[in-house]
Each structure stands twice: as C-alpha cells, then as structure tokens.
$ cat run27.txt   # compact mmCIF, C-alpha atoms
# COMPACT_ATOMS: atom_id res chain seq x y z
CA MET A 1 -50.60 17.97 -20.76
CA THR A 2 -47.74 19.41 -18.73
CA THR A 3 -44.17 19.74 -19.88
CA ALA A 4 -41.27 18.78 -17.70
CA ASN A 5 -39.29 21.49 -16.08
CA PRO A 6 -35.84 21.60 -17.70
CA GLU A 7 -34.29 21.59 -14.22
CA ASP A 8 -35.90 18.21 -13.54
CA VAL A 9 -34.40 16.56 -16.63
CA ALA A 10 -31.60 14.11 -15.79
CA THR A 11 -28.18 15.31 -16.84
CA PRO A 12 -24.79 13.55 -16.62
CA SER A 13 -23.93 15.67 -13.59
CA ALA A 14 -27.05 14.53 -11.77
CA GLY A 15 -25.48 11.10 -11.24
CA LEU A 16 -22.96 12.63 -8.87
CA THR A 17 -25.59 12.79 -6.14
CA SER A 18 -26.73 9.62 -4.52
CA GLY A 19 -30.36 9.53 -3.55
CA PRO A 20 -33.27 7.11 -3.80
CA GLY A 21 -33.69 5.92 -7.36
CA THR A 22 -30.47 7.53 -8.68
CA ARG A 23 -27.78 5.50 -10.41
CA ALA A 24 -24.22 5.56 -9.06
CA PRO A 25 -21.68 7.04 -11.50
CA LEU A 26 -19.48 4.74 -13.51
CA GLY A 27 -16.43 3.72 -11.48
CA SER A 28 -17.79 4.98 -8.15
CA GLY A 29 -17.87 1.41 -6.81
CA VAL A 30 -14.20 0.94 -7.67
CA VAL A 31 -13.29 4.24 -6.04
CA ALA A 32 -15.30 3.37 -2.92
CA GLY A 33 -13.73 -0.09 -2.77
CA TRP A 34 -10.22 1.33 -3.12
CA ARG A 35 -11.00 3.89 -0.42
CA SER A 36 -12.16 1.08 1.91
CA VAL A 37 -8.96 -0.86 1.24
CA ARG A 38 -6.85 2.23 1.97
CA GLU A 39 -8.75 2.83 5.22
CA ALA A 40 -8.26 -0.80 6.25
CA LEU A 41 -4.52 -0.64 5.47
CA ASP A 42 -4.20 2.56 7.53
CA LYS A 43 -5.47 0.85 10.67
CA PRO A 44 -2.84 0.24 13.39
CA LEU A 45 -3.17 -3.56 13.32
CA ALA A 46 -3.30 -3.97 9.52
CA SER A 47 0.24 -5.37 9.18
CA TYR A 48 -0.25 -7.67 12.17
CA TYR A 49 -3.46 -9.18 10.80
CA MET A 50 -2.10 -9.50 7.26
CA LEU A 51 0.92 -11.42 8.57
CA LEU A 52 -1.13 -13.58 10.92
CA GLY A 53 -3.91 -14.34 8.43
CA SER A 54 -1.67 -15.03 5.43
CA SER A 55 0.65 -17.27 7.46
CA ALA A 56 -2.26 -19.26 8.89
CA LEU A 57 -3.86 -19.69 5.46
CA LEU A 58 -0.57 -20.77 3.88
CA LEU A 59 0.00 -23.32 6.63
CA THR A 60 -3.55 -24.70 6.21
CA ILE A 61 -3.15 -24.99 2.43
CA GLY A 62 0.22 -26.64 2.99
CA LEU A 63 -1.22 -29.32 5.28
CA ILE A 64 -4.05 -30.06 2.84
CA MET A 65 -1.65 -30.31 -0.10
CA VAL A 66 0.87 -32.46 1.81
CA LEU A 67 -1.98 -34.84 2.68
CA SER A 68 -3.10 -34.98 -0.94
CA ALA A 69 0.32 -35.09 -2.63
CA SER A 70 1.81 -37.69 -0.26
CA SER A 71 -1.15 -40.05 0.11
CA VAL A 72 -0.17 -42.45 -2.70
CA ARG A 73 3.49 -42.64 -1.72
CA SER A 74 2.57 -43.00 1.97
CA TYR A 75 0.32 -45.95 1.20
CA ILE A 76 2.97 -47.67 -0.96
CA VAL A 77 5.89 -47.12 1.42
CA TYR A 78 4.23 -47.14 4.86
CA ASP A 79 0.90 -48.89 4.16
CA ASP A 80 -0.79 -45.79 5.60
CA SER A 81 -2.05 -42.96 3.39
CA TYR A 82 -1.69 -40.52 6.29
CA ALA A 83 1.87 -41.42 7.39
CA VAL A 84 3.60 -38.37 5.87
CA VAL A 85 0.96 -35.82 6.83
CA LYS A 86 1.01 -37.15 10.42
CA ARG A 87 4.71 -36.29 10.59
CA GLN A 88 4.00 -32.86 9.16
CA LEU A 89 1.28 -32.34 11.77
CA LEU A 90 3.79 -33.27 14.47
CA TRP A 91 6.12 -30.53 13.22
CA VAL A 92 3.21 -28.08 13.14
CA VAL A 93 2.38 -28.97 16.76
CA ILE A 94 6.01 -28.21 17.65
CA GLY A 95 6.31 -25.20 15.37
CA LEU A 96 3.22 -23.23 16.38
CA PRO A 97 4.18 -22.91 20.08
CA ALA A 98 7.74 -22.08 18.99
CA ALA A 99 6.39 -19.34 16.70
CA TRP A 100 4.17 -18.01 19.52
CA ILE A 101 7.16 -17.87 21.89
CA ALA A 102 9.23 -16.13 19.19
CA SER A 103 6.48 -13.53 18.74
CA ARG A 104 6.50 -12.76 22.48
CA LEU A 105 10.28 -12.76 23.07
CA PRO A 106 11.70 -9.32 23.92
CA ILE A 107 13.97 -8.03 21.17
CA LYS A 108 16.98 -7.88 23.52
CA HIS A 109 16.65 -11.64 24.13
CA ILE A 110 16.38 -12.33 20.41
CA ARG A 111 19.58 -10.39 19.83
CA ARG A 112 21.34 -12.30 22.59
CA LEU A 113 20.51 -15.53 20.78
CA ALA A 114 21.95 -14.32 17.46
CA TYR A 115 25.61 -15.25 18.01
CA PRO A 116 24.93 -18.60 19.75
CA GLY A 117 22.45 -19.51 17.00
CA PHE A 118 24.99 -18.73 14.29
CA LEU A 119 27.73 -20.75 16.03
CA VAL A 120 25.38 -23.71 16.56
CA SER A 121 24.43 -23.68 12.87
CA LEU A 122 28.12 -23.67 11.90
CA VAL A 123 28.79 -26.65 14.19
CA LEU A 124 25.80 -28.55 12.80
CA LEU A 125 26.89 -27.87 9.22
CA GLY A 126 30.38 -29.07 10.11
CA LEU A 127 28.90 -32.28 11.52
CA VAL A 128 26.92 -32.73 8.30
CA ALA A 129 30.10 -32.37 6.23
CA GLN A 130 31.75 -35.07 8.38
CA PHE A 131 28.92 -37.45 9.32
CA GLY A 132 26.02 -36.39 7.10
CA VAL A 133 23.45 -38.70 5.54
CA VAL A 134 23.23 -38.74 1.73
CA ILE A 135 19.65 -38.41 0.40
CA ASN A 136 18.92 -37.94 -3.32
CA GLY A 137 22.59 -37.35 -4.02
CA ASN A 138 23.00 -34.51 -1.50
CA LYS A 139 24.85 -34.88 1.78
CA ASN A 140 22.87 -32.29 3.70
CA TRP A 141 21.08 -34.31 6.36
CA LEU A 142 22.11 -35.19 9.90
CA ALA A 143 20.68 -38.21 11.71
CA VAL A 144 19.39 -37.26 15.18
CA GLY A 145 17.75 -40.31 16.76
CA PRO A 146 14.77 -41.38 14.65
CA PHE A 147 14.79 -38.08 12.70
CA ASN A 148 16.90 -36.68 9.89
CA ILE A 149 17.32 -32.92 10.20
CA GLN A 150 18.67 -30.46 7.65
CA PRO A 151 20.88 -27.93 9.49
CA ALA A 152 21.09 -25.68 6.42
CA GLU A 153 17.43 -24.75 6.99
CA ILE A 154 18.22 -23.73 10.57
CA ALA A 155 21.21 -21.76 9.25
CA LYS A 156 18.94 -19.58 7.09
CA LEU A 157 17.22 -18.12 10.16
CA ALA A 158 20.45 -18.04 12.16
CA ILE A 159 22.39 -15.99 9.60
CA VAL A 160 19.54 -13.49 9.18
CA LEU A 161 19.42 -12.78 12.93
CA TRP A 162 23.21 -12.80 13.25
CA ALA A 163 23.73 -10.38 10.34
CA ALA A 164 20.87 -8.14 11.54
CA ASN A 165 22.38 -7.99 15.03
CA ILE A 166 25.82 -7.04 13.69
CA TYR A 167 24.48 -4.40 11.33
CA ALA A 168 22.32 -2.94 14.12
CA HIS A 169 25.45 -2.60 16.29
CA LYS A 170 27.29 -0.93 13.41
CA GLU A 171 24.38 1.29 12.34
CA ARG A 172 26.46 4.49 12.37
CA ARG A 173 29.54 2.95 10.71
CA LEU A 174 27.92 1.22 7.76
CA ARG A 175 29.12 3.85 5.30
CA GLU A 176 32.59 2.36 5.65
CA LEU A 177 33.05 -0.65 3.37
CA HIS A 178 35.09 -2.54 5.96
CA HIS A 179 32.28 -2.45 8.53
CA LEU A 180 29.76 -3.31 5.82
CA LEU A 181 31.58 -6.50 4.86
CA VAL A 182 33.26 -7.79 8.03
CA PRO A 183 32.35 -10.13 9.66
CA VAL A 184 29.03 -10.73 7.85
CA VAL A 185 30.33 -11.59 4.37
CA PRO A 186 33.11 -13.97 5.54
CA GLY A 187 30.66 -15.62 7.97
CA LEU A 188 28.07 -16.18 5.26
CA PHE A 189 30.70 -17.45 2.85
CA ALA A 190 31.73 -19.99 5.50
CA VAL A 191 28.12 -21.19 5.79
CA ILE A 192 27.74 -21.36 2.00
CA ALA A 193 31.00 -23.30 1.69
CA LEU A 194 29.85 -25.88 4.26
CA VAL A 195 26.53 -26.25 2.42
CA LEU A 196 28.34 -26.78 -0.88
CA VAL A 197 30.44 -29.52 0.68
CA GLY A 198 27.19 -31.49 0.78
CA ARG A 199 26.48 -30.64 -2.89
CA ASP A 200 23.35 -28.63 -2.00
CA LEU A 201 23.53 -25.96 -4.69
CA GLY A 202 19.90 -24.91 -4.21
CA THR A 203 20.28 -24.00 -0.55
CA ALA A 204 23.57 -22.24 -1.37
CA MET A 205 21.66 -20.09 -3.87
CA VAL A 206 19.09 -19.14 -1.23
CA LEU A 207 21.87 -18.24 1.21
CA ALA A 208 23.57 -16.13 -1.46
CA THR A 209 20.23 -14.37 -2.08
CA ILE A 210 19.94 -13.61 1.64
CA LEU A 211 23.48 -12.20 1.62
CA LEU A 212 22.77 -9.91 -1.33
CA GLY A 213 19.47 -8.81 0.23
CA MET A 214 21.11 -7.93 3.54
CA LEU A 215 23.86 -5.98 1.77
CA TRP A 216 21.26 -4.07 -0.23
CA VAL A 217 19.18 -3.07 2.79
CA VAL A 218 22.21 -1.73 4.67
CA GLY A 219 23.18 0.42 1.68
CA ALA A 220 26.03 -1.40 -0.02
CA PRO A 221 27.33 0.40 -3.15
CA LEU A 222 26.06 -0.81 -6.53
CA ARG A 223 29.53 -1.76 -7.75
CA LEU A 224 29.71 -4.29 -4.92
CA PHE A 225 26.55 -5.96 -6.24
CA GLY A 226 28.00 -6.13 -9.73
CA LEU A 227 31.13 -7.78 -8.39
CA SER A 228 29.15 -10.16 -6.14
CA LEU A 229 26.82 -11.25 -8.95
CA SER A 230 29.79 -11.86 -11.24
CA VAL A 231 31.53 -13.99 -8.61
CA LEU A 232 28.35 -15.96 -7.89
CA ALA A 233 27.70 -16.53 -11.61
CA VAL A 234 31.23 -17.81 -12.20
CA ALA A 235 31.04 -20.03 -9.10
CA GLY A 236 27.65 -21.41 -10.20
CA VAL A 237 28.90 -22.25 -13.69
CA ALA A 238 32.03 -23.87 -12.25
CA LEU A 239 30.02 -25.99 -9.81
CA ALA A 240 27.63 -27.04 -12.57
CA ALA A 241 30.45 -27.89 -14.98
CA THR A 242 32.10 -30.21 -12.46
CA ASP A 243 28.92 -32.26 -11.93
CA SER A 244 27.32 -34.09 -14.86
CA GLU A 245 23.86 -34.24 -13.24
CA ARG A 246 23.81 -30.51 -12.49
CA LEU A 247 25.08 -29.69 -15.97
CA GLN A 248 22.36 -31.83 -17.51
CA ARG A 249 19.66 -30.10 -15.47
CA ILE A 250 20.91 -26.63 -16.34
CA THR A 251 21.27 -27.33 -20.06
CA HIS A 252 17.84 -29.00 -20.34
CA PHE A 253 15.59 -26.95 -18.05
CA THR A 254 14.33 -24.59 -20.78
CA ASP A 255 13.03 -27.55 -22.79
CA PRO A 256 12.44 -30.52 -20.44
CA PHE A 257 10.75 -32.50 -23.23
CA LYS A 258 14.04 -32.64 -25.11
CA ASP A 259 15.26 -35.26 -22.64
CA TYR A 260 11.89 -36.37 -21.37
CA THR A 261 12.94 -39.83 -20.12
CA ASP A 262 15.96 -38.62 -18.14
CA ALA A 263 16.81 -35.11 -16.89
CA GLY A 264 13.55 -33.66 -18.18
CA TRP A 265 11.27 -36.20 -16.50
CA GLN A 266 10.51 -34.23 -13.32
CA PRO A 267 10.05 -30.74 -14.83
CA ALA A 268 8.03 -32.19 -17.75
CA HIS A 269 5.59 -33.93 -15.43
CA GLY A 270 5.41 -30.77 -13.33
CA LEU A 271 4.30 -28.88 -16.43
CA TYR A 272 1.82 -31.66 -17.23
CA ALA A 273 0.31 -31.25 -13.75
CA LEU A 274 0.00 -27.47 -14.07
CA SER A 275 -1.49 -27.63 -17.56
CA THR A 276 -4.04 -30.27 -16.49
CA GLY A 277 -5.32 -28.06 -13.67
CA GLY A 278 -6.66 -25.30 -15.91
CA TRP A 279 -8.39 -22.40 -14.16
CA PHE A 280 -9.98 -24.14 -11.17
CA GLY A 281 -8.19 -27.50 -10.98
CA GLU A 282 -9.31 -31.09 -10.93
CA GLY A 283 -10.28 -30.96 -7.24
CA ILE A 284 -8.42 -31.77 -4.04
CA GLY A 285 -7.13 -35.34 -4.18
CA ALA A 286 -7.71 -35.70 -7.94
CA SER A 287 -4.10 -35.29 -9.10
CA THR A 288 -2.90 -38.01 -11.47
CA GLN A 289 0.76 -37.00 -11.53
CA LYS A 290 1.25 -37.88 -7.85
CA TRP A 291 0.63 -41.56 -8.72
CA GLY A 292 4.34 -42.15 -9.30
CA ASP A 293 5.03 -40.00 -12.38
CA LEU A 294 6.07 -36.84 -10.52
CA PRO A 295 9.09 -37.29 -8.20
CA GLU A 296 9.06 -35.33 -4.92
CA ALA A 297 5.37 -34.49 -5.36
CA HIS A 298 4.94 -33.58 -1.67
CA THR A 299 8.23 -31.69 -1.27
CA ASP A 300 10.00 -29.78 -4.05
CA PHE A 301 7.17 -30.13 -6.62
CA ILE A 302 4.15 -29.67 -4.38
CA PHE A 303 3.35 -26.47 -6.30
CA ALA A 304 2.74 -28.62 -9.40
CA VAL A 305 0.24 -30.83 -7.54
CA LEU A 306 -1.37 -27.70 -6.12
CA GLY A 307 -1.79 -26.35 -9.65
CA GLU A 308 -3.27 -29.62 -10.87
CA GLU A 309 -5.80 -29.87 -8.04
CA LEU A 310 -6.62 -26.19 -7.40
CA GLY A 311 -5.82 -24.73 -10.81
CA LEU A 312 -4.45 -21.32 -11.68
CA VAL A 313 -6.70 -19.75 -9.04
CA GLY A 314 -5.10 -21.88 -6.31
CA THR A 315 -1.53 -21.20 -7.43
CA MET A 316 -2.18 -17.46 -7.67
CA LEU A 317 -3.72 -17.53 -4.19
CA VAL A 318 -0.57 -19.11 -2.75
CA VAL A 319 1.74 -16.69 -4.57
CA GLY A 320 -0.50 -13.80 -3.49
CA LEU A 321 -0.27 -14.89 0.16
CA PHE A 322 3.52 -14.84 -0.02
CA PHE A 323 3.46 -11.34 -1.49
CA THR A 324 0.97 -10.26 1.19
CA ILE A 325 3.40 -11.45 3.87
CA ALA A 326 6.22 -9.62 2.11
CA TYR A 327 4.16 -6.41 1.80
CA ALA A 328 3.11 -6.44 5.46
CA ALA A 329 6.63 -7.27 6.66
CA ILE A 330 8.18 -4.47 4.59
CA ARG A 331 5.63 -2.07 6.11
CA VAL A 332 6.87 -3.15 9.54
CA ALA A 333 10.51 -2.71 8.47
CA LEU A 334 9.85 0.77 7.09
CA HIS A 335 7.88 2.00 10.12
CA THR A 336 10.21 0.74 12.85
CA GLU A 337 12.90 2.86 14.49
CA ASP A 338 14.82 -0.21 15.68
CA PRO A 339 17.59 -1.07 13.18
CA PHE A 340 17.67 -4.73 14.28
CA VAL A 341 13.95 -5.12 13.57
CA ARG A 342 14.39 -3.46 10.19
CA TYR A 343 17.30 -5.66 9.08
CA ALA A 344 15.92 -8.90 10.52
CA THR A 345 12.48 -8.36 8.97
CA PHE A 346 13.92 -7.57 5.57
CA GLY A 347 16.26 -10.57 5.73
CA ILE A 348 13.33 -12.90 6.52
CA VAL A 349 11.36 -11.44 3.59
CA VAL A 350 14.28 -11.98 1.20
CA TRP A 351 14.68 -15.56 2.43
CA LEU A 352 11.03 -16.67 2.23
CA LEU A 353 10.04 -14.71 -0.87
CA GLY A 354 13.27 -15.53 -2.70
CA GLN A 355 12.90 -19.24 -1.96
CA MET A 356 9.27 -19.16 -3.11
CA ILE A 357 10.27 -17.52 -6.40
CA ILE A 358 13.05 -20.06 -6.98
CA ASN A 359 10.71 -22.99 -6.23
CA VAL A 360 7.91 -21.69 -8.46
CA GLY A 361 10.39 -20.89 -11.23
CA MET A 362 11.75 -24.41 -10.94
CA VAL A 363 8.27 -25.96 -11.30
CA LEU A 364 7.45 -23.65 -14.23
CA ALA A 365 10.71 -24.74 -15.94
CA VAL A 366 12.07 -21.19 -16.07
CA LEU A 367 14.80 -22.19 -13.59
CA PRO A 368 16.73 -25.46 -13.34
CA VAL A 369 15.60 -28.10 -10.84
CA ILE A 370 17.82 -27.54 -7.79
CA GLY A 371 15.84 -29.15 -4.98
CA ILE A 372 14.30 -26.18 -3.17
CA PRO A 373 11.05 -26.71 -1.18
CA LEU A 374 8.17 -24.23 -1.15
CA PRO A 375 8.31 -22.50 2.27
CA ILE A 376 5.46 -23.33 4.71
CA VAL A 377 3.69 -25.44 2.08
CA SER A 378 6.12 -28.29 1.25
CA TYR A 379 6.60 -31.30 3.52
CA GLY A 380 9.59 -31.23 5.86
CA GLY A 381 10.00 -30.34 9.50
CA SER A 382 13.56 -29.02 9.11
CA ALA A 383 12.25 -26.35 6.74
CA LEU A 384 8.88 -25.75 8.38
CA LEU A 385 10.07 -25.13 11.95
CA PRO A 386 12.56 -22.29 11.19
CA SER A 387 10.07 -20.72 8.76
CA LEU A 388 7.32 -20.66 11.40
CA VAL A 389 9.71 -19.20 13.97
CA ALA A 390 10.78 -16.54 11.45
CA LEU A 391 7.14 -15.61 10.78
CA GLY A 392 6.51 -15.58 14.53
CA LEU A 393 9.34 -13.06 14.94
CA VAL A 394 7.94 -10.77 12.23
CA ILE A 395 4.43 -11.03 13.70
CA GLY A 396 5.93 -10.08 17.07
CA PHE A 397 7.65 -7.08 15.48
CA ALA A 398 4.29 -6.03 14.00
CA ARG A 399 2.61 -6.31 17.42
CA ARG A 400 5.26 -4.03 18.92
CA GLU A 401 4.64 -1.15 16.55
CA PRO A 402 3.60 1.74 18.84
CA GLU A 403 0.13 2.19 17.33
CA ALA A 404 -0.48 -1.56 17.13
CA ALA A 405 0.65 -2.05 20.74
CA ALA A 406 -1.65 0.77 21.88
CA ALA A 407 -4.60 -0.72 19.95
CA LEU A 408 -4.02 -4.16 21.47
CA ALA A 409 -3.69 -2.68 24.97
CA ALA A 410 -6.95 -0.73 24.52
CA ARG A 411 -8.67 -3.91 23.34
CA ARG A 412 -7.47 -5.79 26.43
CA ARG A 413 -8.69 -3.00 28.70
CA ASN A 414 -12.11 -2.98 27.04
CA ARG A 415 -12.35 -6.75 27.33
CA SER A 416 -11.43 -6.62 31.02
CA ALA A 417 -13.95 -3.85 31.62
CA GLY A 418 -16.65 -5.87 29.84
CA LEU A 419 -15.86 -8.95 31.92
CA SER A 420 -15.94 -6.92 35.14
CA ALA A 421 -19.30 -5.40 34.20
CA SER A 422 -20.81 -8.82 33.36
CA THR A 423 -19.55 -10.30 36.67
CA SER A 424 -20.90 -7.41 38.70
CA ARG A 425 -24.37 -8.07 37.27

$ encode --input "run27.txt" --output "structure tokens"
Amino acid sequence: MTTANPEDVATPSAGLTSGPGTRAPLGSGVVAGWRSVREALDKPLASYYMLLGSSALLLTIGLIMVLSASSVRSYIVYDDSYAVVKRQLLWVVIGLPAAWIASRLPIKHIRRLAYPGFLVSLVLLGLVAQFGVVINGNKNWLAVGPFNIQPAEIAKLAIVLWAANIYAHKERRLRELHHLLVPVVPGLFAVIALVLVGRDLGTAMVLATILLGMLWVVGAPLRLFGLSLSVLAVAGVALAATDSERLQRITHFTDPFKDYTDAGWQPAHGLYALSTGGWFGEGIGASTQKWGDLPEAHTDFIFAVLGEELGLVGTMLVVGLFFTIAYAAIRVALHTEDPFVRYATFGIVVWLLGQMIINVGMVLAVLPVIGIPLPIVSYGGSALLPSLVALGLVIGFARREPEAAAALAARRRNRSAGLSASTSR
C-alpha cells in the first residue's frame, strides 16, 4: 500500500489553478462575469448599442402594452380592438424615420434649428391658450385637422436644444450669474406659464425639472437651487390650493383607499393591478383592471397594466431600460468635448428619466396623480414623436464619439472589402 505524497494532497490554494478536474474557486465566476461586463463597456460602440438596444426594446414593450391595455376600450368606443394601437403604430412609422434623420443630422444643423424650434413651440403654446381643446379638464391640446396634438410635448425637446445651444455659446461666461440665467430662465418660465394657463400642472413639473437639471449641469451655485426649489414649492402649493380637484388629489394620494370612490379611485385600482401581478404577472392580455375599472389604462397608468400582466419582473425590466439609456447617455455627455452635445444629452436624460420617475411614482401612489405619461411606452403620438427624435439625437451623438466613429468606419471598410472579394470570385 502506497501513501500519498503530501505535495499531491489538495489544499485551499490548489483551487487557484484551473486544470482538468479542478474546481473553480468560490466567487471566480462572479469576478469573471464582472470582468466580461467591464470589457464590454470599454468597447468603443458600447454606449451606442446600449442606447439603440434599450430604446428599441422599450418601444416594442410599449406597443405590446398599448395593444393590451387599450383593447377593451377600443372595442367599446370604436368597435375595433386594434383601433388605438393602429394609431400608435402610425406614429411609430412617422417617428422612426424622424429619429433616424435626427441621428444623422450634423450638429451645426441641429443648433441652427434650436431657436426656430423654441419660437415655434412658444407660438403653438400661445395658440393652445387661445384656441385649445379641453380634454380631461386640461386645456393643453390643439386641433390640427383630424388630430389633436399636445404642443407642450414638443416644447420639452425644443427647450432642451434651445438652452443647450445658448449655454454652448456662453461656455466661457457661465461663471457669471447673469449669463447663467438670461435668457434661459425667463424663456423657460414663459413656456411653463403658457402650460399652466391650460391647467397642466404635470407637464409644468417636468419642465421645471428640465430647468433645474440644465442649471445643475452648467454649474449653477447651490443657493440658486435652494431658492428655485422654494419658489417652485410655493407655486405648486398655491396652484393646488386654488383648484379643488388638485387639492383633493394631493391630500389623498398617500392613502387612495381613504376616498376610494372619488379621488382615490384611479390610484387605488393602479395599486390593485400591481399587487395582482406578483412576480411574473398574469400574462399579456390577462389584465382585469383594464376592463373599465382603471381610467387611462393605456396612457398615464399603463405602468399599472404592465405590472399586472408582466409582474415585478416586467416593471423592473422597463425601469432598468430607462436607467440603461440614462447611463449610456451620461457616458456620451462625459466623454464629449462639444459643450452643446454635453448639455443637450444631459437635458434629454433629465427629461425622460425625470418623467419616468414621476409617472412610476404616481402609479405607486408615492406622488399625486398629475397626468404624466410614461415616455416611449404610453399611448400618444404627441409624446412619442419628440421622445423618439430626442433618443435619435443622443444615438447620433454616441455614433460621433471618435472611437465609435472609427469603429463604424472600419466595419464599413471591412464589409466593402468582403463584398468586393465575393464579387471578384
């Protein structure tokens, strides 16, 4: 009988080598996975693909959920279960080419459109204040032929590009408070005032969020934020106090079941939908709340239907996609040397991510119901088209990063060389 050589006996340190029959050390898979993720994120086109993939997936989920959430209402109102989703598809067909064009536009042309876009949005908001259509108590729609458009949604993109263009021009003078504030703050206040004329407090909150985000990225002093937040808080309370419906929503949102049959009806049924979904949901199309109990199931409260049908996993996927877009866009903003790209990208992130947080908070009853759609996912062409164009712009900025542009150019050259070689054969 032979005894084993002590050197051949397995020791804890022996697991550090990987050979046939050896066991990987505890945690090595996690380390290897993290290393792979880091390597993938370091690739030149990582931001571009994250933006493109997340946007496409969000749009696909949005179309599926609009179809599901609107089917009952579409059948009752239009005698066609697909009536609403057909309209959404029409806006997608318009929006995707517009986003592609936006991604290919030279930055100098985008900047030239900033002032005209801002002026057009002001004119449209003025027309809404004078001739607007009242829907659900808010006068924020403008009838254009067979369509009703919401100019405030167009204004969100317009003010981001306008403010970014101004701040890029003033890049070296932004330490002076006067150049920091004028004309961006008065211009945005004018837009917010026109939106409030139509009683659209939710959109005004999103615009105020964009304003604060733009001021932060250009380096506004902290005391200015304290003053701005105080003014906005006082204005919000004043606007709520002068409107009984708003006051009711604000005072009841923390406990919607307290006034279940009135102001709490919508948020309570939103919570019912989310709680019914559990971890993995009831399945696409299986929502019960969309059968008349949940108002605005395909617009402002589509996140509740999504939670009921796809569960916590589905809602976390959607929230994760928004944060992926934000992460990739901020990478672009940090890596660029163009101040306009930096400010415009950050403004778009603040707009889309801030609106998503407000909408989700509204559905979860941690914020009052203020009529804010979920970007990209909710039904509505007026909101979808500017959002797709905004994402197209950020994707275009990602494509223009020097390393990304070089990688794409090399890929085109290789493809051309491969085609030439195959034709010569």

$ closest_atom_pairs --input "run27.txt" --of "stretch 205-236 of chain A" --to "stretch 354-365 of chain A" --cutoff "12 Å" --atoms "all atoms listed in the file" --output "CSV"
residue,atom,partner,partner_atom,distance
A:Met205,CA,A:Gln355,CA,9.0
A:Val206,CA,A:Gln355,CA,6.2
A:Leu207,CA,A:Gln355,CA,9.6
A:Ala208,CA,A:Gly354,CA,10.4
A:Thr209,CA,A:Gly354,CA,7.1
A:Ile210,CA,A:Gly354,CA,8.2
A:Leu211,CA,A:Gly354,CA,11.6
A:Leu212,CA,A:Gly354,CA,11.1
A:Gly213,CA,A:Gly354,CA,9.6

$ residues_around --input "run27.txt" --residues "A:Leu181" --least-positions-apart "2" --cutoff "12 Å" --atoms "only C-alpha atoms" --output "short mmCIF file (atom, residue, chain, number, x, y, z; two decimals) with C-alpha atoms, keeping the file's coordinate frame"
data_model
loop_
_atom_site.label_atom_id
_atom_site.label_comp_id
_atom_site.auth_asym_id
_atom_site.auth_seq_id
_atom_site.Cartn_x
_atom_site.Cartn_y
_atom_site.Cartn_z
CA ALA A 163 23.73 -10.38 10.34
CA ILE A 166 25.82 -7.04 13.69
CA TYR A 167 24.48 -4.40 11.33
CA LYS A 170 27.29 -0.93 13.41
CA ARG A 173 29.54 2.95 10.71
CA LEU A 174 27.92 1.22 7.76
CA ARG A 175 29.12 3.85 5.30
CA GLU A 176 32.59 2.36 5.65
CA LEU A 177 33.05 -0.65 3.37
CA HIS A 178 35.09 -2.54 5.96
CA HIS A 179 32.28 -2.45 8.53
CA PRO A 183 32.35 -10.13 9.66
CA VAL A 184 29.03 -10.73 7.85
CA VAL A 185 30.33 -11.59 4.37
CA PRO A 186 33.11 -13.97 5.54
CA GLY A 187 30.66 -15.62 7.97
CA LEU A 188 28.07 -16.18 5.26
CA PHE A 189 30.70 -17.45 2.85
CA LEU A 211 23.48 -12.20 1.62
CA LEU A 212 22.77 -9.91 -1.33
CA MET A 214 21.11 -7.93 3.54
CA LEU A 215 23.86 -5.98 1.77
CA TRP A 216 21.26 -4.07 -0.23
CA VAL A 218 22.21 -1.73 4.67
CA GLY A 219 23.18 0.42 1.68
CA ALA A 220 26.03 -1.40 -0.02
CA PRO A 221 27.33 0.40 -3.15
CA LEU A 224 29.71 -4.29 -4.92
CA SER A 228 29.15 -10.16 -6.14
#

$ closest_residue --input "run27.txt" --among "A:Trp279, A:Trp141, A:Trp34, A:Tyr343" --to "A:Thr315" --atoms "all atoms listed in the file"
A:Trp279

$ residues_near_point --input "run27.txt" --point "(20.6, -35.9, 12.3)" --cutoff "10 Å" --atoms "all atoms listed in the file" --output "PyMOL selection string"
chain A and resi 124+127-128+131-133+140-151

$ closest_residue --input "run27.txt" --among "A:Asn414, A:Leu312, A:Leu45, A:Ala390" --to "A:Pro402" --atoms "only C-alpha atoms"
A:Leu45

$ atom_distance --input "run27.txt" --atom1 "atom CA of A:Gly392" --atom2 "atom CA of A:Ser103"
4.7 Å

$ atom_distance --input "run27.txt" --atom1 "atom CA of A:Val231" --atom2 "atom CA of A:Gln248"
21.9 Å

$ residues_near_point --input "run27.txt" --point "(23.8, -30.5, 2.8)" --cutoff "7 Å" --atoms "all atoms listed in the file" --output "ChimeraX atom specification"
/A:128,138-141,152,195-196,198-200

$ decode --input "run27.txt" --residues "stretch 309-338 of chain A" --atoms "C-alpha atoms" --output "PDB file, in the first residue's frame"
ATOM      1  CA  GLU A 309     -49.589  41.409 -16.860  1.00  0.00           C
ATOM      2  CA  LEU A 310     -45.788  41.117 -16.626  1.00  0.00           C
ATOM      3  CA  GLY A 311     -45.345  41.311 -12.859  1.00  0.00           C
ATOM      4  CA  LEU A 312     -42.496  42.802 -10.869  1.00  0.00           C
ATOM      5  CA  VAL A 313     -40.006  41.342 -13.354  1.00  0.00           C
ATOM      6  CA  GLY A 314     -41.627  43.268 -16.216  1.00  0.00           C
ATOM      7  CA  THR A 315     -41.792  46.562 -14.333  1.00  0.00           C
ATOM      8  CA  MET A 316     -38.168  46.258 -13.219  1.00  0.00           C
ATOM      9  CA  LEU A 317     -37.150  45.498 -16.805  1.00  0.00           C
ATOM     10  CA  VAL A 318     -38.801  48.706 -18.026  1.00  0.00           C
ATOM     11  CA  VAL A 319     -37.278  50.807 -15.231  1.00  0.00           C
ATOM     12  CA  GLY A 320     -33.907  49.156 -15.884  1.00  0.00           C
ATOM     13  CA  LEU A 321     -34.099  50.045 -19.585  1.00  0.00           C
ATOM     14  CA  PHE A 322     -34.670  53.703 -18.718  1.00  0.00           C
ATOM     15  CA  PHE A 323     -31.671  53.685 -16.401  1.00  0.00           C
ATOM     16  CA  THR A 324     -29.597  51.947 -19.090  1.00  0.00           C
ATOM     17  CA  ILE A 325     -30.464  54.755 -21.512  1.00  0.00           C
ATOM     18  CA  ALA A 326     -29.568  57.312 -18.840  1.00  0.00           C
ATOM     19  CA  TYR A 327     -26.259  55.568 -18.059  1.00  0.00           C
ATOM     20  CA  ALA A 328     -25.235  55.324 -21.717  1.00  0.00           C
ATOM     21  CA  ALA A 329     -26.270  58.916 -22.437  1.00  0.00           C
ATOM     22  CA  ILE A 330     -24.334  60.260 -19.446  1.00  0.00           C
ATOM     23  CA  ARG A 331     -21.272  58.354 -20.701  1.00  0.00           C
ATOM     24  CA  VAL A 332     -21.662  60.184 -24.011  1.00  0.00           C
ATOM     25  CA  ALA A 333     -22.066  63.534 -22.220  1.00  0.00           C
ATOM     26  CA  LEU A 334     -18.960  62.947 -20.096  1.00  0.00           C
ATOM     27  CA  HIS A 335     -16.741  61.810 -22.993  1.00  0.00           C
ATOM     28  CA  THR A 336     -17.644  64.529 -25.492  1.00  0.00           C
ATOM     29  CA  GLU A 337     -15.630  67.704 -25.986  1.00  0.00           C
ATOM     30  CA  ASP A 338     -18.570  69.521 -27.594  1.00  0.00           C
TER      31      ASP A 338
END
